[in-house]
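K.L.:
What follows is the file query-v5.txt, containing compact mmCIF, C-alpha atoms:
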# COMPACT_ATOMS: atom_id res chain seq x y z
CA MET A 1 43.49 32.46 41.99
CA LEU A 2 43.45 36.20 41.29
CA LEU A 3 40.70 38.37 42.76
CA LEU A 4 40.21 41.77 41.13
CA GLY A 5 38.34 44.31 43.24
CA GLY A 6 39.33 42.98 46.65
CA SER A 7 38.50 46.14 48.60
CA GLY A 8 34.75 46.13 47.90
CA ARG A 9 32.09 44.46 50.06
CA LEU A 10 32.08 41.19 48.15
CA GLY A 11 35.85 41.27 47.86
CA PHE A 12 36.11 41.65 51.64
CA MET A 13 33.84 38.62 52.10
CA LEU A 14 35.87 36.42 49.78
CA ARG A 15 39.14 37.48 51.40
CA ALA A 16 37.78 36.77 54.86
CA HIS A 17 36.25 33.37 54.08
CA TRP A 18 38.26 31.91 51.18
CA PRO A 19 38.85 28.25 52.09
CA ALA A 20 42.55 28.28 51.16
CA LYS A 21 44.23 31.57 52.11
CA ASP A 22 47.52 30.86 50.33
CA ASP A 23 45.53 30.19 47.15
CA LEU A 24 44.37 33.78 46.79
CA ARG A 25 46.02 36.84 45.23
CA VAL A 26 44.02 40.03 45.76
CA GLN A 27 44.08 43.26 43.78
CA SER A 28 42.99 46.71 44.91
CA ARG A 29 43.41 50.23 43.56
CA SER A 30 44.57 51.36 47.01
CA ALA A 31 47.00 49.89 49.51
CA GLY A 32 45.69 47.19 51.81
CA ASP A 33 46.92 44.30 53.90
CA GLY A 34 48.62 41.86 51.55
CA MET A 35 46.91 43.25 48.45
CA LEU A 36 48.47 43.94 45.08
CA VAL A 37 47.98 47.57 44.08
CA PHE A 38 47.34 48.33 40.42
CA ASP A 39 44.62 49.53 38.06
CA PRO A 40 42.45 46.59 36.92
CA LEU A 41 42.19 48.24 33.50
CA ASP A 42 45.97 47.79 33.11
CA THR A 43 46.05 44.51 31.19
CA ASP A 44 49.82 44.14 31.60
CA ALA A 45 49.49 44.41 35.38
CA VAL A 46 46.59 41.96 35.43
CA ARG A 47 48.53 39.52 33.23
CA LYS A 48 51.53 39.69 35.54
CA ALA A 49 49.43 39.22 38.68
CA SER A 50 47.56 36.27 37.18
CA ASP A 51 50.68 34.43 36.02
CA GLY A 52 50.13 30.76 36.81
CA ALA A 53 46.61 31.37 38.15
CA ARG A 54 43.87 28.91 37.32
CA ALA A 55 41.15 31.58 37.45
CA ILE A 56 40.46 35.30 37.69
CA ILE A 57 37.40 36.58 39.54
CA CYS A 58 36.59 40.12 38.44
CA LEU A 59 34.63 41.87 41.17
CA ALA A 60 36.00 45.25 40.13
CA GLY A 61 33.08 47.32 38.97
CA VAL A 62 30.81 50.31 39.37
CA THR A 63 27.64 50.03 41.47
CA PRO A 64 24.78 52.54 41.26
CA GLN A 65 25.88 53.95 44.62
CA ARG A 66 29.44 54.41 43.42
CA ALA A 67 28.29 55.92 40.15
CA ALA A 68 26.18 58.46 42.04
CA ARG A 69 29.07 59.27 44.35
CA THR A 70 31.91 59.49 41.84
CA GLY A 71 30.21 60.18 38.53
CA GLU A 72 31.69 57.02 36.98
CA ALA A 73 29.70 55.44 34.17
CA LEU A 74 28.04 52.06 34.70
CA SER A 75 29.46 51.08 31.30
CA ALA A 76 32.84 50.81 33.04
CA ASN A 77 31.71 47.38 34.25
CA ALA A 78 32.13 46.06 30.72
CA ASP A 79 35.52 47.73 30.32
CA LEU A 80 36.82 46.10 33.50
CA ALA A 81 35.56 42.64 32.56
CA ILE A 82 37.00 42.86 29.05
CA ALA A 83 40.37 43.95 30.44
CA ALA A 84 40.45 40.85 32.64
CA VAL A 85 39.59 38.62 29.69
CA ARG A 86 42.26 40.15 27.47
CA ALA A 87 44.86 39.78 30.22
CA SER A 88 44.11 36.11 30.84
CA ASP A 89 46.65 33.57 29.69
CA GLY A 90 44.34 30.56 29.72
CA ALA A 91 42.82 31.20 33.16
CA ARG A 92 39.03 31.14 33.31
CA VAL A 93 37.57 34.59 33.98
CA PHE A 94 34.56 34.87 36.26
CA THR A 95 32.68 38.16 35.92
CA ALA A 96 30.40 39.41 38.69
CA SER A 97 27.02 40.01 37.12
CA SER A 98 23.71 40.45 38.92
CA ALA A 99 20.20 39.05 39.21
CA ALA A 100 19.17 42.53 38.01
CA VAL A 101 19.62 41.29 34.43
CA TYR A 102 16.34 39.38 34.78
CA GLY A 103 14.36 42.56 35.41
CA ALA A 104 11.42 43.05 37.75
CA THR A 105 9.37 39.94 37.10
CA ALA A 106 8.02 37.33 39.48
CA GLY A 107 8.83 33.65 39.43
CA VAL A 108 11.88 31.46 39.11
CA HIS A 109 14.63 32.71 36.82
CA ARG A 110 16.84 30.27 34.96
CA GLU A 111 20.02 31.04 33.08
CA THR A 112 18.30 30.08 29.82
CA ASP A 113 15.49 32.62 30.34
CA GLU A 114 15.52 35.80 28.29
CA ALA A 115 17.20 38.60 30.22
CA ARG A 116 14.95 41.66 30.48
CA PRO A 117 16.71 44.24 32.64
CA VAL A 118 14.82 47.44 33.39
CA SER A 119 17.30 49.36 35.55
CA PRO A 120 20.43 51.08 34.18
CA TYR A 121 22.50 48.79 36.41
CA GLY A 122 20.84 45.65 35.05
CA LEU A 123 21.34 46.88 31.50
CA ALA A 124 25.02 47.61 32.20
CA LYS A 125 25.56 44.16 33.70
CA LEU A 126 23.93 42.42 30.74
CA GLU A 127 26.12 44.43 28.38
CA MET A 128 29.14 43.39 30.44
CA GLU A 129 28.15 39.73 30.19
CA GLU A 130 27.71 39.86 26.43
CA LEU A 131 30.90 41.78 25.68
CA ALA A 132 33.05 39.73 28.05
CA LEU A 133 31.76 36.44 26.61
CA ALA A 134 32.38 37.73 23.07
CA ALA A 135 35.91 38.81 24.00
CA GLY A 136 36.52 35.39 25.53
CA GLN A 137 35.34 33.60 22.41
CA ALA A 138 37.50 35.82 20.22
CA GLY A 139 40.58 35.28 22.36
CA GLY A 140 40.07 31.64 23.31
CA VAL A 141 39.55 32.51 26.98
CA PRO A 142 36.88 30.66 28.99
CA VAL A 143 34.47 33.15 30.59
CA THR A 144 31.66 32.64 33.08
CA ALA A 145 29.17 35.31 34.10
CA LEU A 146 27.98 34.89 37.69
CA ARG A 147 24.48 36.28 38.20
CA ILE A 148 24.67 36.90 41.93
CA GLY A 149 21.54 37.26 44.05
CA ASN A 150 21.20 39.13 47.34
CA VAL A 151 24.28 38.72 49.53
CA ALA A 152 23.81 39.14 53.29
CA GLY A 153 25.96 42.06 54.35
CA ALA A 154 25.82 43.72 50.94
CA ASP A 155 22.03 43.93 50.76
CA ALA A 156 19.30 46.46 51.46
CA ILE A 157 17.72 44.49 54.32
CA LEU A 158 20.42 43.37 56.76
CA ALA A 159 23.18 45.75 55.69
CA GLY A 160 20.67 48.55 55.09
CA TRP A 161 18.65 48.11 58.27
CA HIS A 162 17.75 51.25 60.22
CA GLU A 163 15.40 52.23 63.02
CA GLY A 164 11.84 52.36 61.79
CA MET A 165 12.54 50.25 58.71
CA GLN A 166 9.34 49.39 56.86
CA VAL A 167 8.81 46.18 54.91
CA ASP A 168 6.01 45.43 52.47
CA GLN A 169 3.49 42.95 53.82
CA PHE A 170 0.92 41.16 51.67
CA ALA A 171 -2.66 40.37 52.64
CA ASP A 172 -1.68 36.87 53.76
CA GLY A 173 0.85 38.28 56.23
CA THR A 174 3.95 37.36 54.23
CA THR A 175 6.76 39.67 53.17
CA PRO A 176 8.66 39.64 49.85
CA ALA A 177 10.78 36.51 49.36
CA ARG A 178 14.04 36.62 47.45
CA SER A 179 17.07 34.48 46.66
CA TYR A 180 19.86 35.08 49.18
CA ILE A 181 23.30 33.81 50.06
CA GLY A 182 25.52 34.28 53.10
CA PRO A 183 29.13 35.50 52.86
CA LEU A 184 30.67 32.16 53.89
CA THR A 185 28.56 30.22 51.41
CA LEU A 186 29.40 32.77 48.70
CA ALA A 187 33.12 32.17 49.24
CA HIS A 188 32.53 28.41 49.27
CA CYS A 189 30.69 28.66 45.93
CA MET A 190 33.33 30.81 44.30
CA TYR A 191 36.12 28.55 45.46
CA ALA A 192 34.32 25.43 44.23
CA LEU A 193 33.67 26.96 40.80
CA THR A 194 37.33 27.89 40.34
CA ARG A 195 38.31 24.26 41.00
CA HIS A 196 36.43 22.95 37.96
CA ASP A 197 38.05 22.78 34.54
CA THR A 198 34.76 23.13 32.68
CA VAL A 199 32.09 25.56 33.84
CA ALA A 200 28.96 26.92 32.15
CA ASP A 201 29.01 30.35 30.51
CA VAL A 202 26.31 31.78 32.81
CA ILE A 203 25.50 30.64 36.35
CA ASN A 204 23.03 31.92 38.94
CA VAL A 205 24.65 32.29 42.37
CA ALA A 206 22.46 32.03 45.47
CA ALA A 207 21.59 29.49 48.13
CA PRO A 208 18.73 27.14 47.22
CA GLY A 209 15.22 28.43 47.81
CA THR A 210 14.11 31.88 48.90
CA VAL A 211 13.93 33.70 52.22
CA ALA A 212 11.36 36.29 53.29
CA MET A 213 12.62 39.74 54.21
CA GLY A 214 10.63 39.81 57.43
CA ASP A 215 12.03 36.41 58.43
CA LEU A 216 15.57 37.66 57.90
CA LEU A 217 15.03 40.66 60.14
CA ASP A 218 13.29 38.53 62.77
CA ALA A 219 16.17 36.04 62.77
CA ALA A 220 18.59 38.92 63.23
CA GLY A 221 16.54 40.43 66.04
CA LEU A 222 16.06 43.65 64.07
CA ALA A 223 12.75 45.46 64.51
CA TRP A 224 10.71 46.37 61.47
CA LEU A 225 7.32 47.85 60.66
CA ALA A 226 4.84 46.27 58.26
CA ARG A 227 3.32 48.42 55.57
CA PRO A 228 0.65 47.30 53.08
CA ALA A 229 2.35 46.02 49.96
CA PRO A 230 1.50 48.16 46.91
CA ALA A 231 -0.16 46.54 43.93
CA GLU A 232 3.12 46.41 41.99
CA ALA A 233 5.04 44.64 44.77
CA ILE A 234 6.35 41.20 43.78
CA ALA A 235 5.82 38.49 46.38
CA LYS A 236 8.51 36.07 45.24
CA VAL A 237 11.53 36.24 42.96
CA ALA A 238 13.88 33.28 42.86
CA LEU A 239 17.03 32.25 41.07
CA ASP A 240 17.09 28.67 39.88
CA VAL A 241 20.39 27.28 41.19
CA SER A 242 20.15 23.73 39.88
CA LEU A 243 23.07 24.46 37.55
CA LEU A 244 25.18 25.82 40.42
CA GLU A 245 24.39 22.68 42.41
CA ARG A 246 26.28 20.64 39.82
CA TYR A 247 29.46 22.29 41.09
CA VAL A 248 28.66 23.14 44.71
CA ASP A 249 27.33 21.15 47.66
CA PHE A 250 24.95 23.08 49.91
CA THR A 251 23.83 22.26 53.45
CA ALA A 252 20.22 22.26 54.62
CA VAL A 253 20.62 25.59 56.44
CA ASP A 254 22.45 27.60 53.77
CA GLY A 255 19.24 29.07 52.38
CA THR A 256 17.39 29.58 55.66
CA ALA A 257 16.95 32.87 57.48
CA ALA A 258 18.76 31.50 60.53
CA GLY A 259 21.68 30.19 58.49
CA ILE A 260 22.05 33.37 56.45
CA VAL A 261 21.93 35.58 59.55
CA ALA A 262 24.49 33.39 61.32
CA GLU A 263 26.88 33.82 58.39
CA TRP A 264 26.20 37.56 58.29
CA ARG A 265 27.02 37.90 61.98
CA LYS A 266 30.16 35.84 61.64
CA GLY A 267 31.26 37.90 58.67
CA THR A 268 30.57 41.28 60.25
CA GLY A 269 30.93 40.62 63.96
CA LYS A 270 27.33 41.73 64.62
Output the file's structure in the form of structure tokens.
P.N.:
Amino acid sequence: MLLLGGSGRLGFMLRAHWPAKDDLRVQSRSAGDGMLVFDPLDTDAVRKASDGARAIICLAGVTPQRAARTGEALSANADLAIAAVRASDGARVFTASSAAVYGATAGVHRETDEARPVSPYGLAKLEMEELALAAGQAGGVPVTALRIGNVAGADAILAGWHEGMQVDQFADGTTPARSYIGPLTLAHCMYALTRHDTVADVINVAAPGTVAMGDLLDAAGLAWLARPAPAEAIAKVALDVSLLERYVDFTAVDGTAAGIVAEWRKGTGK
């Protein structure tokens, strides 16, 4: 299994928790422990590194934070995914998309729902999905877009916590609830998906259910301050993961605040 973009946050999580260490080849643009160093846009290098691989997971990409820091265009996400597809010699390519493609609407989002991104990042990820799937169809390469929800340790709540953090609180005392997944469960999901010969074109990736932001911080023992939720605040946004559950077995605690925080601590040493 070839992992492109192994030096990023999600790449670090997969490297740390991949169930079969000798099963994983990892790419990075810069030198790292046991990593292959090459440009993921170099299709010849990707093809060589993926020789004999059953799957390629393309985490290489440009986040809004990276774009602001380096000036890179968010459209590079599509370029990187297409390069992986064109380099594949029969291996399924998994592209790392985002729940941002669904836009800022409440409710439960299914893969069959119309994508309505509103942010530049969501628009770029949807473009990446469409172009990578088209390239796969043209080249006879199986492609799956993974619409990943909030990942503990790469999120704005646990990873972004700071003294005096404020969280929206609604009139009933609840805080916004979102789909989440811990780093160990994320690696478990990715590994399980790469073991299947036939996988859907688009899959939501998160633990079942939702978790409230305040509950996450409480479970982690991190202090926060409640602020009245503005009128536009969305109480609950969930990813429907019934399709993912066809490929992955979850435990009862995977989607709970306690379970997610335990994975976060194990993954970060906090």
K.L.:
So which residues touch segment 209-222 of chain A within 9 Å, counting all atoms listed in the file, skipping near sequence neighbours fewer than 3 positions away, as a VMD selection string?
P.N.:
chain A and resid 157 to 158 161 to 163 167 to 169 174 to 180 206 226 236 to 241 255 to 258 260 to 262 265
K.L.:
Got a sec: who's within 6 Å of segment 41-56 of chain A, counting only C-alpha atoms, leaving out chain neighbours fewer than 2 positions off, as a count of residues only?
P.N.:
10
K.L.:
Here is a test: counting only C-alpha atoms, which residue of A:Gly140, A:Ala252, A:Ala104, A:Ile148 is nearest to Ala233 of chain A?
P.N.:
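Comparing A:Gly140, A:Ala252, A:Ala104, A:Ile148 against Ala233 of chain A, the winner is A:Ala104.
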K.L.:
Using all atoms listed in the file, find the one residue out of A:Gly153, A:Pro64, A:Gly6, A:Pro208 that sits nearest to Asp33 of chain A.
P.N.:
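The answer is A:Gly6, which sits nearest to Asp33 of chain A.
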K.L.:
Using Å and a single decimal, report how far atom CA of Val37 of chain A sits from atom CA of Arg66 of chain A.
P.N.:
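So the answer is 19.8 Å.
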K.L.:
For Phe12 of chain A, list every protein, DNA or RNA residue within 12 Å, evaluated using only C-alpha atoms, and leave out those in the same chain fewer than 3 positions away; present the list as a list in words.
P.N.:
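Non-adjacent residues within range: Leu3, Leu4, Gly5, Gly6, Ser7, Gly8, Arg9, Arg15, Ala16, His17, Trp18, Val26, Gln27, Ser28, Gly32, Asp33, Met35, Leu59, Gly153, Ala154, Pro183, Leu184, Leu186, Ala187, Gly267 and Thr268 of chain A.
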K.L.:
For a quick check of understanding, using all atoms listed in the file, which of A:Gly182, A:Tyr247, A:Tyr102, A:Arg195 has the smallest distance to Glu263 of chain A?
P.N.:
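Ranking A:Gly182, A:Tyr247, A:Tyr102, A:Arg195 by distance to Glu263 of chain A, first place goes to A:Gly182.
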K.L.:
What is the atom CA of Gly139 of chain A-atom CA of Ile82 of chain A distance in Å, reported with one decimal?
P.N.:
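Atom CA of Gly139 of chain A sits 10.7 Å away from atom CA of Ile82 of chain A.
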K.L.:
Which residue gives the smallest distance to Gly259 of chain A among A:Val118, A:Ala207, A:Ala96, A:Val101, with only C-alpha atoms counted?
P.N.:
A:Ala207
K.L.:
Enter the distance from atom CA of Asp79 of chain A to atom CA of Tyr191 of chain A, in Å, rounded to one decimal.
P.N.:
24.4 Å
K.L.:
May I ask which of the residues A:Ala235, A:Ala106, A:Val202, A:Val62 is the closest one to Glu129 of chain A, counting only C-alpha atoms?
P.N.:
A:Val202
K.L.:
So, with all atoms listed in the file as the atoms that count, which of A:Ala99, A:Val248, A:Ala20, A:Val141 lies closest to Ser119 of chain A?
P.N.:
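Using all atoms listed in the file, Ser119 of chain A sits closest to A:Ala99.
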K.L.:
Give the padded box for segment 94-99 of chain A as AutoDock Vina command-line options: axis-aligned, covering all atoms listed in the file, 6 Å on each side, centre and edge lengths in Å to one decimal.
P.N.:
--center_x 27.4 --center_y 37.7 --center_z 37.6 --size_x 26.4 --size_y 17.6 --size_z 15.3
K.L.:
Please, could N, CA and C atoms be added to segment 149-166 of chain A and the result written as a PDB file, in the frame of the given file?
P.N.:
ATOM      1  N   GLY A 149      22.739  36.765  43.387  1.00  0.00           N
ATOM      2  CA  GLY A 149      21.540  37.260  44.050  1.00  0.00           C
ATOM      3  C   GLY A 149      21.889  38.158  45.222  1.00  0.00           C
ATOM      4  N   ASN A 150      20.958  38.308  46.152  1.00  0.00           N
ATOM      5  CA  ASN A 150      21.200  39.130  47.340  1.00  0.00           C
ATOM      6  C   ASN A 150      22.232  38.466  48.242  1.00  0.00           C
ATOM      7  N   VAL A 151      23.229  39.229  48.655  1.00  0.00           N
ATOM      8  CA  VAL A 151      24.280  38.720  49.530  1.00  0.00           C
ATOM      9  C   VAL A 151      24.134  39.385  50.901  1.00  0.00           C
ATOM     10  N   ALA A 152      23.961  38.590  51.941  1.00  0.00           N
ATOM     11  CA  ALA A 152      23.810  39.140  53.290  1.00  0.00           C
ATOM     12  C   ALA A 152      25.052  39.934  53.668  1.00  0.00           C
ATOM     13  N   GLY A 153      24.846  41.178  54.037  1.00  0.00           N
ATOM     14  CA  GLY A 153      25.960  42.060  54.350  1.00  0.00           C
ATOM     15  C   GLY A 153      26.263  43.036  53.239  1.00  0.00           C
ATOM     16  N   ALA A 154      25.682  42.787  52.070  1.00  0.00           N
ATOM     17  CA  ALA A 154      25.820  43.720  50.940  1.00  0.00           C
ATOM     18  C   ALA A 154      24.438  43.958  50.345  1.00  0.00           C
ATOM     19  N   ASP A 155      23.427  43.864  51.199  1.00  0.00           N
ATOM     20  CA  ASP A 155      22.030  43.930  50.760  1.00  0.00           C
ATOM     21  C   ASP A 155      21.319  45.134  51.364  1.00  0.00           C
ATOM     22  N   ALA A 156      20.080  45.320  50.968  1.00  0.00           N
ATOM     23  CA  ALA A 156      19.300  46.460  51.460  1.00  0.00           C
ATOM     24  C   ALA A 156      18.553  46.142  52.747  1.00  0.00           C
ATOM     25  N   ILE A 157      18.498  44.867  53.141  1.00  0.00           N
ATOM     26  CA  ILE A 157      17.720  44.490  54.320  1.00  0.00           C
ATOM     27  C   ILE A 157      18.591  44.419  55.562  1.00  0.00           C
ATOM     28  N   LEU A 158      19.555  43.495  55.587  1.00  0.00           N
ATOM     29  CA  LEU A 158      20.420  43.370  56.760  1.00  0.00           C
ATOM     30  C   LEU A 158      21.447  44.506  56.807  1.00  0.00           C
ATOM     31  N   ALA A 159      22.160  44.701  55.710  1.00  0.00           N
ATOM     32  CA  ALA A 159      23.180  45.750  55.690  1.00  0.00           C
ATOM     33  C   ALA A 159      22.537  47.140  55.706  1.00  0.00           C
ATOM     34  N   GLY A 160      21.325  47.246  55.175  1.00  0.00           N
ATOM     35  CA  GLY A 160      20.670  48.550  55.090  1.00  0.00           C
ATOM     36  C   GLY A 160      19.668  48.804  56.205  1.00  0.00           C
ATOM     37  N   TRP A 161      19.642  47.937  57.202  1.00  0.00           N
ATOM     38  CA  TRP A 161      18.650  48.110  58.270  1.00  0.00           C
ATOM     39  C   TRP A 161      18.832  49.429  59.012  1.00  0.00           C
ATOM     40  N   HIS A 162      17.712  50.026  59.420  1.00  0.00           N
ATOM     41  CA  HIS A 162      17.750  51.250  60.220  1.00  0.00           C
ATOM     42  C   HIS A 162      16.506  51.282  61.101  1.00  0.00           C
ATOM     43  N   GLU A 163      16.552  52.080  62.124  1.00  0.00           N
ATOM     44  CA  GLU A 163      15.400  52.230  63.020  1.00  0.00           C
ATOM     45  C   GLU A 163      14.184  52.669  62.217  1.00  0.00           C
ATOM     46  N   GLY A 164      13.067  52.016  62.483  1.00  0.00           N
ATOM     47  CA  GLY A 164      11.840  52.360  61.790  1.00  0.00           C
ATOM     48  C   GLY A 164      11.725  51.799  60.398  1.00  0.00           C
ATOM     49  N   MET A 165      12.595  50.836  60.056  1.00  0.00           N
ATOM     50  CA  MET A 165      12.540  50.250  58.710  1.00  0.00           C
ATOM     51  C   MET A 165      11.156  49.654  58.446  1.00  0.00           C
ATOM     52  N   GLN A 166      10.629  49.931  57.279  1.00  0.00           N
ATOM     53  CA  GLN A 166       9.340  49.390  56.860  1.00  0.00           C
ATOM     54  C   GLN A 166       9.547  48.326  55.789  1.00  0.00           C
TER      55      GLN A 166
END
